[in-house]
file target-v6.cif (mmCIF, C-alpha atoms)
data_final
loop_
_atom_site.label_atom_id
_atom_site.label_comp_id
_atom_site.auth_asym_id
_atom_site.auth_seq_id
_atom_site.Cartn_x
_atom_site.Cartn_y
_atom_site.Cartn_z
CA MET I 1 92.08 122.06 119.56
CA ALA I 2 92.20 121.74 115.82
CA THR I 3 92.10 118.22 114.47
CA ASP I 4 94.50 116.99 111.82
CA PRO I 5 93.18 115.74 108.47
CA MET I 6 92.69 112.07 107.72
CA ARG I 7 94.42 110.39 104.82
CA ILE I 8 91.79 108.49 102.79
CA ARG I 9 92.59 106.39 99.75
CA ALA I 10 89.78 104.62 97.89
CA GLN I 11 90.70 102.26 95.08
CA ALA I 12 88.21 100.53 92.79
CA GLN I 13 88.83 96.79 92.52
CA GLY I 14 86.42 94.80 90.37
CA SER I 15 82.90 95.68 91.46
CA ASN I 16 84.09 96.85 94.88
CA ALA I 17 86.29 99.55 96.29
CA ILE I 18 88.98 99.16 98.93
CA VAL I 19 89.14 102.12 101.29
CA ARG I 20 92.19 102.80 103.45
CA VAL I 21 91.97 105.45 106.14
CA LEU I 22 94.67 106.85 108.40
CA MET I 23 93.51 109.03 111.28
CA MET I 24 95.68 111.23 113.47
CA HIS I 25 94.64 110.88 117.09
CA GLU I 26 96.38 110.51 120.44
CA MET I 27 94.13 107.56 121.48
CA GLU I 28 95.01 107.95 125.17
CA THR I 29 93.79 104.90 127.08
CA GLY I 30 93.13 106.46 130.48
CA GLN I 31 95.43 103.83 132.04
CA ARG I 32 98.64 105.82 131.99
CA ARG I 33 100.02 108.23 134.54
CA ASP I 34 102.05 111.36 133.92
CA ALA I 35 105.37 112.25 135.58
CA ALA I 36 103.52 113.64 138.61
CA GLY I 37 101.62 110.36 139.09
CA LYS I 38 98.29 111.77 137.96
CA THR I 39 96.15 109.65 135.65
CA ILE I 40 96.10 110.92 132.07
CA PRO I 41 92.39 111.05 131.18
CA ALA I 42 91.13 108.77 128.44
CA TRP I 43 90.90 110.50 125.08
CA HIS I 44 90.12 108.31 122.12
CA ILE I 45 87.93 107.98 119.06
CA SER I 46 84.60 106.48 120.10
CA ASP I 47 82.60 106.38 116.87
CA VAL I 48 83.57 105.94 113.23
CA THR I 49 81.15 106.10 110.32
CA ALA I 50 81.74 105.78 106.60
CA GLN I 51 79.34 106.84 103.87
CA HIS I 52 79.30 105.85 100.23
CA ASN I 53 77.47 108.41 98.07
CA GLY I 54 75.54 109.55 101.15
CA LYS I 55 74.56 106.09 102.35
CA THR I 56 76.10 104.83 105.60
CA VAL I 57 78.08 101.66 104.88
CA LEU I 58 80.09 101.29 108.08
CA THR I 59 79.68 102.23 111.72
CA ALA I 60 82.14 101.28 114.41
CA HIS I 61 82.45 101.86 118.12
CA TRP I 62 86.05 102.19 119.16
CA GLY I 63 87.63 102.05 122.57
CA PRO I 64 91.00 102.63 124.21
CA ALA I 65 92.45 99.39 122.76
CA VAL I 66 92.81 100.93 119.32
CA SER I 67 96.33 102.22 118.58
CA LYS I 68 97.53 105.78 118.31
CA ASN I 69 97.17 107.22 114.79
CA PRO I 70 94.92 104.30 113.74
CA PHE I 71 94.66 102.71 110.31
CA LEU I 72 91.34 101.35 109.04
CA GLN I 73 90.74 99.38 105.87
CA PHE I 74 87.39 98.16 104.54
CA THR I 75 85.72 97.11 101.30
CA VAL I 76 82.66 98.86 99.92
CA LYS I 77 80.55 96.56 97.78
CA GLY I 78 79.33 97.98 94.50
CA ALA I 79 81.44 101.14 94.66
CA LYS I 80 82.98 102.33 91.39
CA ALA I 81 85.45 104.99 90.27
CA GLY I 82 84.14 108.51 90.80
CA ASP I 83 82.01 107.59 93.82
CA LYS I 84 82.38 109.66 96.96
CA VAL I 85 83.47 108.13 100.26
CA VAL I 86 83.07 110.19 103.43
CA VAL I 87 84.60 109.14 106.75
CA THR I 88 83.77 110.73 110.10
CA TRP I 89 85.20 110.10 113.53
CA LYS I 90 84.02 111.39 116.87
CA ASP I 91 86.04 111.19 120.09
CA ASN I 92 85.01 110.97 123.73
CA ARG I 93 85.67 114.70 124.19
CA GLY I 94 82.99 115.38 121.62
CA GLU I 95 85.39 116.52 118.92
CA SER I 96 84.87 115.19 115.45
CA ARG I 97 86.43 115.26 112.03
CA THR I 98 85.08 114.49 108.58
CA ASP I 99 87.12 113.97 105.43
CA GLU I 100 86.22 112.66 102.04
CA ALA I 101 87.80 111.01 99.03
CA VAL I 102 86.78 110.04 95.53
CA VAL I 103 87.16 106.40 94.45
CA ALA I 104 90.00 106.17 91.94
CA MET W 1 115.99 47.72 109.99
CA THR W 2 114.40 49.13 106.85
CA ALA W 3 111.41 50.35 108.81
CA ARG W 4 113.71 52.01 111.33
CA ARG W 5 115.71 53.69 108.59
CA LEU W 6 112.48 54.87 106.99
CA ALA W 7 111.27 56.25 110.30
CA ALA W 8 114.57 58.05 110.79
CA ALA W 9 114.35 59.49 107.29
CA LEU W 10 110.82 60.66 107.95
CA LEU W 11 111.88 62.20 111.22
CA MET W 12 114.67 64.09 109.48
CA CYS W 13 112.20 65.27 106.87
CA GLY W 14 110.09 66.61 109.67
CA VAL W 15 113.02 68.44 111.21
CA ALA W 16 114.00 69.94 107.87
CA PHE W 17 110.42 71.02 107.26
CA ALA W 18 110.13 72.63 110.67
CA ALA W 19 113.40 74.50 110.11
CA GLN W 20 112.15 75.80 106.79
CA ALA W 21 108.74 76.82 108.12
CA GLN W 22 110.31 78.85 110.91
CA PRO W 23 111.37 82.15 109.36
CA SER W 24 114.24 84.07 110.94
CA THR W 25 113.45 86.98 113.23
CA ALA W 26 114.73 89.42 110.63
CA ASP W 27 112.31 87.95 108.08
CA GLY W 28 109.52 88.27 110.62
CA ILE W 29 110.31 91.93 111.22
CA ALA W 30 110.55 92.56 107.47
CA ARG W 31 107.11 91.00 107.05
CA TYR W 32 105.73 93.09 109.91
CA ARG W 33 107.06 96.26 108.27
CA GLU W 34 105.57 95.20 104.94
CA MET W 35 102.16 94.75 106.55
CA LEU W 36 102.39 98.18 108.17
CA ALA W 37 103.84 100.00 105.18
CA ASP W 38 100.47 100.26 103.47
CA GLY W 39 99.09 102.25 106.36
CA ASN W 40 102.26 104.07 107.42
CA PRO W 41 101.12 106.90 109.72
CA ALA W 42 104.16 108.86 108.50
CA ASP W 43 101.76 109.84 105.68
CA LEU W 44 99.81 111.85 108.24
CA PHE W 45 102.93 113.73 109.30
CA GLU W 46 103.85 114.28 105.67
CA ALA W 47 100.44 115.87 105.01
CA LYS W 48 100.71 117.97 108.18
CA GLY W 49 104.20 119.08 107.16
CA GLU W 50 103.05 120.10 103.69
CA ALA W 51 100.26 122.23 105.20
CA LEU W 52 102.75 123.81 107.63
CA TRP W 53 105.18 124.53 104.78
CA LYS W 54 102.50 126.57 102.98
CA GLN W 55 101.00 128.18 106.06
CA LYS W 56 101.79 131.79 107.01
CA ARG W 57 103.22 131.57 110.51
CA GLY W 58 105.45 133.31 113.05
CA PRO W 59 105.89 137.01 113.88
CA LYS W 60 106.67 137.75 110.22
CA GLY W 61 103.57 135.89 109.00
CA ALA W 62 105.47 134.12 106.23
CA THR W 63 105.36 130.65 104.71
CA LEU W 64 108.41 128.44 104.25
CA GLU W 65 107.90 128.33 100.49
CA GLN W 66 110.98 130.54 99.94
CA CYS W 67 113.16 128.31 102.13
CA ASP W 68 116.40 127.32 100.40
CA LEU W 69 117.19 123.70 101.25
CA GLY W 70 120.24 123.70 99.02
CA LYS W 71 118.69 123.46 95.56
CA GLY W 72 117.42 127.04 95.49
CA PRO W 73 114.55 128.86 97.25
CA GLY W 74 111.38 126.78 97.36
CA ILE W 75 112.81 123.63 95.78
CA VAL W 76 111.92 120.67 98.00
CA LYS W 77 112.16 117.73 95.63
CA GLY W 78 115.60 116.13 95.73
CA ALA W 79 116.85 118.40 98.52
CA PHE W 80 116.78 115.74 101.24
CA VAL W 81 119.17 113.29 99.56
CA GLU W 82 121.81 116.06 99.32
CA LEU W 83 121.71 117.05 103.00
CA PRO W 84 123.74 117.85 105.09
CA ARG W 85 125.56 120.31 102.81
CA TRP W 86 127.39 123.66 102.93
CA PHE W 87 125.26 126.82 102.96
CA ALA W 88 126.97 130.07 102.03
CA ASP W 89 124.39 132.33 103.74
CA THR W 90 124.91 130.80 107.19
CA GLN W 91 128.56 129.83 106.54
CA ARG W 92 127.78 126.39 107.99
CA VAL W 93 127.29 122.80 106.94
CA GLN W 94 123.66 122.12 107.86
CA ASP W 95 121.41 119.10 107.98
CA LEU W 96 117.68 119.12 107.30
CA GLU W 97 116.58 120.09 110.79
CA SER W 98 119.18 122.82 111.33
CA ARG W 99 118.35 124.26 107.91
CA LEU W 100 114.65 124.26 108.75
CA LEU W 101 115.54 126.11 111.96
CA THR W 102 117.36 128.73 109.89
CA CYS W 103 114.37 129.16 107.58
CA MET W 104 111.92 129.35 110.49
CA GLU W 105 114.06 132.09 112.04
CA THR W 106 114.92 134.16 108.98
CA LEU W 107 111.65 133.82 107.06
CA GLN W 108 109.07 133.46 109.82
CA GLY W 109 110.83 135.24 112.69
CA LEU W 110 110.56 132.28 115.06
CA ASP W 111 113.17 131.86 117.80
CA ALA W 112 115.50 129.10 116.58
CA LYS W 113 117.30 128.82 119.93
CA ALA W 114 114.02 128.35 121.82
CA ILE W 115 112.90 125.67 119.33
CA ALA W 116 116.23 123.82 119.64
CA GLU W 117 115.77 123.74 123.43
CA THR W 118 112.16 122.48 123.25
CA PRO W 119 111.79 118.78 124.12
CA PHE W 120 111.07 116.49 121.16
CA GLY W 121 107.44 116.14 120.18
CA ARG W 122 106.26 119.37 121.85
CA GLY W 123 105.32 122.75 120.42
CA GLU W 124 107.43 123.77 117.45
CA GLN W 125 109.45 120.53 117.69
CA ALA W 126 106.29 118.62 116.74
CA ASN W 127 105.99 120.91 113.72
CA MET W 128 109.66 120.32 112.94
CA GLU W 129 109.03 116.56 112.77
CA ALA W 130 106.13 117.04 110.37
CA LEU W 131 108.24 119.35 108.19
CA ALA W 132 111.08 116.80 108.16
CA ALA W 133 108.58 114.14 107.05
CA TYR W 134 107.31 116.36 104.24
CA VAL W 135 110.75 117.36 102.93
CA SER W 136 112.16 113.81 103.09
CA ALA W 137 109.06 112.36 101.40
CA ALA W 138 109.63 114.66 98.41
CA SER W 139 112.87 112.71 97.74
CA ARG W 140 111.44 109.24 98.31
CA GLY W 141 112.98 106.72 95.91
CA MET W 142 115.92 108.98 95.07
CA LYS W 143 119.52 108.01 95.80
CA MET W 144 121.59 109.54 98.60
CA ASN W 145 124.03 111.93 96.98
CA LEU W 146 125.67 114.23 99.51
CA PRO W 147 128.02 116.84 98.06
CA GLN W 148 131.66 116.77 99.13
CA ALA W 149 132.94 119.54 96.86
CA HIS W 150 133.31 122.22 99.55
CA ALA W 151 136.29 121.99 101.92
CA LYS W 152 133.96 122.41 104.93
CA GLU W 153 131.87 119.44 103.79
CA ARG W 154 134.98 117.26 103.65
CA GLU W 155 136.06 118.61 107.03
CA MET W 156 132.66 117.72 108.52
CA PHE W 157 133.02 114.20 107.11
CA GLU W 158 136.35 113.81 108.95
CA VAL W 159 134.87 115.28 112.14
CA GLY W 160 131.87 112.95 111.83
CA LYS W 161 134.16 109.97 111.41
CA ARG W 162 135.99 110.87 114.63
CA VAL W 163 132.73 111.42 116.51
CA PHE W 164 131.50 108.05 115.20
CA PHE W 165 134.55 106.22 116.58
CA PHE W 166 134.84 108.32 119.77
CA ARG W 167 134.50 106.07 122.81
CA GLY W 168 133.24 107.44 126.10
CA GLY W 169 130.56 107.48 128.74
CA PRO W 170 130.09 105.01 131.62
CA TYR W 171 129.81 102.10 129.14
CA ASP W 172 132.87 103.16 127.11
CA PHE W 173 130.72 103.00 123.98
CA SER W 174 131.04 104.60 120.58
CA CYS W 175 128.66 104.62 117.61
CA ALA W 176 131.07 102.11 116.07
CA SER W 177 130.58 99.67 118.98
CA CYS W 178 127.20 98.75 117.47
CA HIS W 179 127.37 100.12 113.93
CA GLY W 180 131.00 99.39 113.02
CA GLU W 181 130.59 95.94 111.48
CA ALA W 182 127.87 93.92 109.78
CA GLY W 183 125.76 91.24 111.44
CA LYS W 184 125.29 92.88 114.84
CA ARG W 185 121.96 93.34 116.53
CA ILE W 186 120.33 95.02 119.53
CA ARG W 187 117.67 92.76 121.05
CA LEU W 188 116.10 91.40 117.83
CA GLN W 189 116.78 94.35 115.53
CA ASP W 190 119.59 93.99 113.02
CA LEU W 191 121.98 96.91 113.22
CA PRO W 192 123.30 98.38 109.98
CA ASP W 193 127.04 98.83 109.45
CA LEU W 194 127.23 102.60 109.00
CA THR W 195 130.92 102.73 108.09
CA LYS W 196 129.88 101.85 104.52
CA ASN W 197 126.72 101.84 102.42
CA PRO W 198 124.37 99.48 104.29
CA GLY W 199 122.00 99.21 101.30
CA ASP W 200 118.80 100.78 99.99
CA GLY W 201 116.45 102.09 102.65
CA VAL W 202 118.67 101.00 105.55
CA GLY W 203 120.33 103.22 108.15
CA PHE W 204 120.71 106.84 107.08
CA ALA W 205 118.38 106.31 104.08
CA ALA W 206 115.51 105.16 106.36
CA TRP W 207 115.15 108.21 108.64
CA PRO W 208 112.94 110.18 109.41
CA ALA W 209 110.71 107.27 110.39
CA TYR W 210 107.46 106.56 112.23
CA ARG W 211 108.09 104.55 115.39
CA VAL W 212 105.10 102.28 115.95
CA SER W 213 106.16 101.56 119.56
CA SER W 214 105.95 105.21 120.55
CA GLY W 215 103.53 106.46 117.90
CA GLU W 216 105.90 109.30 117.03
CA LEU W 217 107.73 110.49 113.98
CA TRP W 218 111.47 110.63 114.61
CA SER W 219 113.82 112.79 112.58
CA MET W 220 117.53 111.94 112.31
CA GLN W 221 118.22 114.43 115.13
CA ARG W 222 115.95 112.48 117.46
CA ARG W 223 117.42 109.18 116.29
CA LEU W 224 120.91 110.42 117.20
CA TYR W 225 119.69 111.87 120.50
CA ASP W 226 118.31 108.46 121.42
CA CYS W 227 121.47 106.61 120.29
CA TYR W 228 123.45 108.83 122.66
CA ARG W 229 120.92 108.24 125.44
CA GLN W 230 121.36 104.49 124.96
CA GLN W 231 125.14 104.94 125.14
CA ARG W 232 124.64 106.97 128.38
CA PHE W 233 126.38 109.96 126.81
CA PRO W 234 125.32 113.50 127.72
CA ALA W 235 122.55 114.69 125.39
CA PRO W 236 123.94 116.24 122.21
CA GLY W 237 122.37 119.61 121.47
CA PHE W 238 119.59 119.72 118.87
CA ALA W 239 121.10 120.59 115.48
CA SER W 240 124.58 120.79 117.07
CA ASP W 241 127.66 120.56 114.84
CA ALA W 242 128.53 117.12 116.27
CA THR W 243 125.18 115.65 115.16
CA ILE W 244 125.44 117.33 111.76
CA ALA W 245 128.98 115.94 111.32
CA LEU W 246 127.65 112.45 112.08
CA GLY W 247 124.97 113.05 109.45
CA VAL W 248 127.63 113.96 106.88
CA TYR W 249 129.66 110.85 107.75
CA MET W 250 126.69 108.47 107.54
CA GLY W 251 125.19 110.21 104.50
CA VAL W 252 128.40 110.21 102.45
CA ASN W 253 128.96 106.55 103.34
CA ALA W 254 125.42 105.77 102.18
CA LYS W 255 126.00 107.36 98.75
CA GLY W 256 123.85 105.62 96.14
CA ALA W 257 121.45 104.10 98.70
CA GLU W 258 117.79 104.65 97.87
CA SER W 259 115.96 106.84 100.40
CA ILE W 260 112.67 105.40 101.66
CA ALA W 261 112.12 108.11 104.26
CA PRO W 262 109.80 108.66 106.00
CA SER W 263 109.79 104.92 106.69
CA ILE W 264 108.17 102.80 109.38
CA LYS W 265 109.96 101.20 112.30
CA ARG W 266 108.76 98.75 114.94
#
call {"tool": "encode", "arguments": {"input": "target-v6.cif", "output": "structure tokens"}}
result
Amino acid sequence: MATDPMRIRAQAQGSNAIVRVLMMHEMETGQRRDAAGKTIPAWHISDVTAQHNGKTVLTAHWGPAVSKNPFLQFTVKGAKAGDKVVVTWKDNRGESRTDEAVVA
Amino acid sequence: MTARRLAAALLMCGVAFAAQAQPSTADGIARYREMLADGNPADLFEAKGEALWKQKRGPKGATLEQCDLGKGPGIVKGAFVELPRWFADTQRVQDLESRLLTCMETLQGLDAKAIAETPFGRGEQANMEALAAYVSAASRGMKMNLPQAHAKEREMFEVGKRVFFFRGGPYDFSCASCHGEAGKRIRLQDLPDLTKNPGDGVGFAAWPAYRVSSGELWSMQRRLYDCYRQQRFPAPGFASDATIALGVYMGVNAKGAESIAPSIKR
């Protein structure tokens, strides 16, 4: 299944940059049942990494408690306009998606 | 005596302070929306819709870029705040979703009837929601300005008004039961008075919207479908004339209201 693109906005603020990321993902918890009473298998983002000019600045392990279509915001110290921010997520089905943005 | 009066005064101060520090539920919800607005997932649907708009799809392998939403083929900006309106080619007053159906059928060769019968959120209906987000976002910040020049548009307004006030179902409800006067609410949500302009970004000018509780993007068609479900009415058909007439009635009433669609809801 094709993944949908992330929406990444990176804004320079002083000597830092604020990065806002929206990801499109079902984030199924594995706790719900369908109409037939069968458990809907868990399907969620398990790992998130962010890179600033090639250097990893954030790693996160996510679980089923994170909402559908999650929003993530973080600050990158020392990032300035023109720098590249790359965000990658991987889910528990092994699918992944990488998108990038330039700090404005 | 003096000490007692002082104590009473202090106590009253405390009460007044507590009353001030406790914001009303509506304020709380407004604050919640404000916090979420920065990361409104409707942006994701908007981006998906834009990609779909420019993607060659369907048996005819065409994009929707030649779709006429009322301002000429391919013009998206400003189209949303003038819908529903009369279209000469289909000889119908159409809202955003029914017009998109027409374009998907005539330009791309998709089966409009099959799409209308698909449950919300599945297959082409999921694409329809993304397209509605994209088209409405292109008019964000513009004022609702539905045309009423054509006789059919005025007729649809009158029909919509009657549908709005039509009482029925096991609860003997009408749209007006909840949306006919100001200051009403369902649970903790304030309900807009849709018989007049309820203000910028309220009511008709707030949909399509992302529903946080269900994680879905709802177009006006889905909003109306769910209103009728709550009233225990039979389901109105997707893009049916009754739902379009209601759109004309609400949209004309909301003339001058700023559109914030696609917005975010609890």
call {"tool": "interface_residues", "arguments": {"input": "target-v6.cif", "of": "chain I", "to": "chain W", "cutoff": "10 Å", "atoms": "only C-alpha atoms", "output": "list in words"}}
result
Asp4, Pro5, Met6, Arg7, Arg20, Val21, Leu22, Met23, Met24, His25, Glu26, Ser67, Lys68, Asn69, Pro70, Phe71, Leu72 and Gln73 of chain I
call {"tool": "residues_around", "arguments": {"input": "target-v6.cif", "residues": "Asp47 in chain I", "least_positions_apart": "3", "cutoff": "8 Å", "atoms": "all atoms listed in the file", "output": "PDB file with C-alpha atoms, keeping the file's coordinate frame"}}
result
ATOM      1  CA  THR I  59      79.680 102.230 111.720  1.00  0.00           C
ATOM      2  CA  ALA I  60      82.140 101.280 114.410  1.00  0.00           C
ATOM      3  CA  HIS I  61      82.450 101.860 118.120  1.00  0.00           C
ATOM      4  CA  TRP I  62      86.050 102.190 119.160  1.00  0.00           C
ATOM      5  CA  TRP I  89      85.200 110.100 113.530  1.00  0.00           C
ATOM      6  CA  LYS I  90      84.020 111.390 116.870  1.00  0.00           C
ATOM      7  CA  ASP I  91      86.040 111.190 120.090  1.00  0.00           C
TER       8      ASP I  91
END
call {"tool": "resolve_selection", "arguments": {"input": "target-v6.cif", "expression": "the PyMOL selection byres ((chain W and resi 94) around 9)", "output": "list of chain:residue names"}}
result
W:Leu83, W:Pro84, W:Arg85, W:Trp86, W:Phe87, W:Thr90, W:Arg92, W:Val93, W:Asp95, W:Leu96, W:Glu97, W:Ser98, W:Arg99, W:Ala239, W:Asp241, W:Ile244, W:Ala245
call {"tool": "write_last_selection", "arguments": {"input": "target-v6.cif", "atoms": "C-alpha atoms", "output": "compact mmCIF listing (two decimals), keeping the file's coordinate frame"}}
result
# COMPACT_ATOMS: atom_id res chain seq x y z
CA LEU W 83 121.71 117.05 103.00
CA PRO W 84 123.74 117.85 105.09
CA ARG W 85 125.56 120.31 102.81
CA TRP W 86 127.39 123.66 102.93
CA PHE W 87 125.26 126.82 102.96
CA THR W 90 124.91 130.80 107.19
CA ARG W 92 127.78 126.39 107.99
CA VAL W 93 127.29 122.80 106.94
CA ASP W 95 121.41 119.10 107.98
CA LEU W 96 117.68 119.12 107.30
CA GLU W 97 116.58 120.09 110.79
CA SER W 98 119.18 122.82 111.33
CA ARG W 99 118.35 124.26 107.91
CA ALA W 239 121.10 120.59 115.48
CA ASP W 241 127.66 120.56 114.84
CA ILE W 244 125.44 117.33 111.76
CA ALA W 245 128.98 115.94 111.32
call {"tool": "resolve_selection", "arguments": {"input": "target-v6.cif", "expression": "the PyMOL selection byres ((chain I and resi 92) around 9)", "output": "MDAnalysis selection string"}}
result
chainID I and resid 42:47 90:91 93:95
call {"tool": "residues_near_point", "arguments": {"input": "target-v6.cif", "point": "(88.6, 106.8, 97.4)", "cutoff": "7 Å", "atoms": "all atoms listed in the file", "output": "list in words"}}
result
Ile8, Arg9, Ala10, Gln11, Val19, Lys84, Val85, Ala101, Val102, Val103 and Ala104 of chain I
call {"tool": "write_last_selection", "arguments": {"input": "target-v6.cif", "atoms": "C-alpha atoms", "output": "short mmCIF file (atom, residue, chain, number, x, y, z; two decimals), keeping the file's coordinate frame"}}
result
data_model
loop_
_atom_site.label_atom_id
_atom_site.label_comp_id
_atom_site.auth_asym_id
_atom_site.auth_seq_id
_atom_site.Cartn_x
_atom_site.Cartn_y
_atom_site.Cartn_z
CA ILE I 8 91.79 108.49 102.79
CA ARG I 9 92.59 106.39 99.75
CA ALA I 10 89.78 104.62 97.89
CA GLN I 11 90.70 102.26 95.08
CA VAL I 19 89.14 102.12 101.29
CA LYS I 84 82.38 109.66 96.96
CA VAL I 85 83.47 108.13 100.26
CA ALA I 101 87.80 111.01 99.03
CA VAL I 102 86.78 110.04 95.53
CA VAL I 103 87.16 106.40 94.45
CA ALA I 104 90.00 106.17 91.94
#
call {"tool": "resolve_selection", "arguments": {"input": "target-v6.cif", "expression": "the PyMOL selection byres ((chain W and resi 257) around 7)", "output": "list in words"}}
result
Lys143, Met144, Asn197, Gly199, Asp200, Gly201, Ala205, Ala254, Lys255, Gly256, Glu258 and Ser259 of chain W
call {"tool": "decode", "arguments": {"input": "target-v6.cif", "residues": "range 61-78 of chain I", "atoms": "N, CA and C atoms", "output": "tab-separated table (two decimals), in the first residue's frame"}}
result
chain	number	residue	atom	x	y	z
I	61	HIS	N	10.42	6.05	19.78
I	61	HIS	CA	9.71	4.79	19.63
I	61	HIS	C	8.26	5.04	19.99
I	62	TRP	N	7.39	4.79	19.02
I	62	TRP	CA	5.98	5.05	19.24
I	62	TRP	C	5.21	3.75	19.38
I	63	GLY	N	4.09	3.86	20.09
I	63	GLY	CA	3.24	2.69	20.28
I	63	GLY	C	1.81	2.99	19.89
I	64	PRO	N	0.90	2.11	20.28
I	64	PRO	CA	-0.51	2.26	19.88
I	64	PRO	C	-1.22	3.43	20.57
I	65	ALA	N	-0.59	4.05	21.57
I	65	ALA	CA	-1.27	5.15	22.28
I	65	ALA	C	-1.23	6.46	21.50
I	66	VAL	N	-0.43	6.52	20.45
I	66	VAL	CA	-0.34	7.74	19.67
I	66	VAL	C	-1.54	7.81	18.71
I	67	SER	N	-2.09	9.01	18.56
I	67	SER	CA	-3.34	9.19	17.81
I	67	SER	C	-3.19	8.89	16.33
I	68	LYS	N	-4.33	8.72	15.68
I	68	LYS	CA	-4.39	8.62	14.23
I	68	LYS	C	-3.91	9.93	13.63
I	69	ASN	N	-3.29	9.88	12.47
I	69	ASN	CA	-2.76	11.06	11.79
I	69	ASN	C	-1.99	11.96	12.76
I	70	PRO	N	-0.91	11.45	13.36
I	70	PRO	CA	-0.25	12.18	14.45
I	70	PRO	C	0.48	13.46	14.03
I	71	PHE	N	0.59	14.34	15.01
I	71	PHE	CA	1.29	15.62	14.87
I	71	PHE	C	2.47	15.61	15.82
I	72	LEU	N	3.64	16.00	15.31
I	72	LEU	CA	4.86	16.01	16.13
I	72	LEU	C	5.53	17.36	15.97
I	73	GLN	N	5.91	17.97	17.09
I	73	GLN	CA	6.62	19.24	17.02
I	73	GLN	C	7.88	19.15	17.88
I	74	PHE	N	9.00	19.62	17.35
I	74	PHE	CA	10.24	19.62	18.13
I	74	PHE	C	11.12	20.79	17.70
I	75	THR	N	12.10	21.11	18.54
I	75	THR	CA	13.01	22.21	18.26
I	75	THR	C	14.39	21.65	17.94
I	76	VAL	N	14.99	22.14	16.88
I	76	VAL	CA	16.35	21.72	16.54
I	76	VAL	C	17.29	22.87	16.89
I	77	LYS	N	18.19	22.60	17.82
I	77	LYS	CA	19.13	23.63	18.25
I	77	LYS	C	20.15	23.91	17.15
I	78	GLY	N	20.41	25.18	16.93
I	78	GLY	CA	21.47	25.56	16.01
I	78	GLY	C	21.10	25.46	14.53
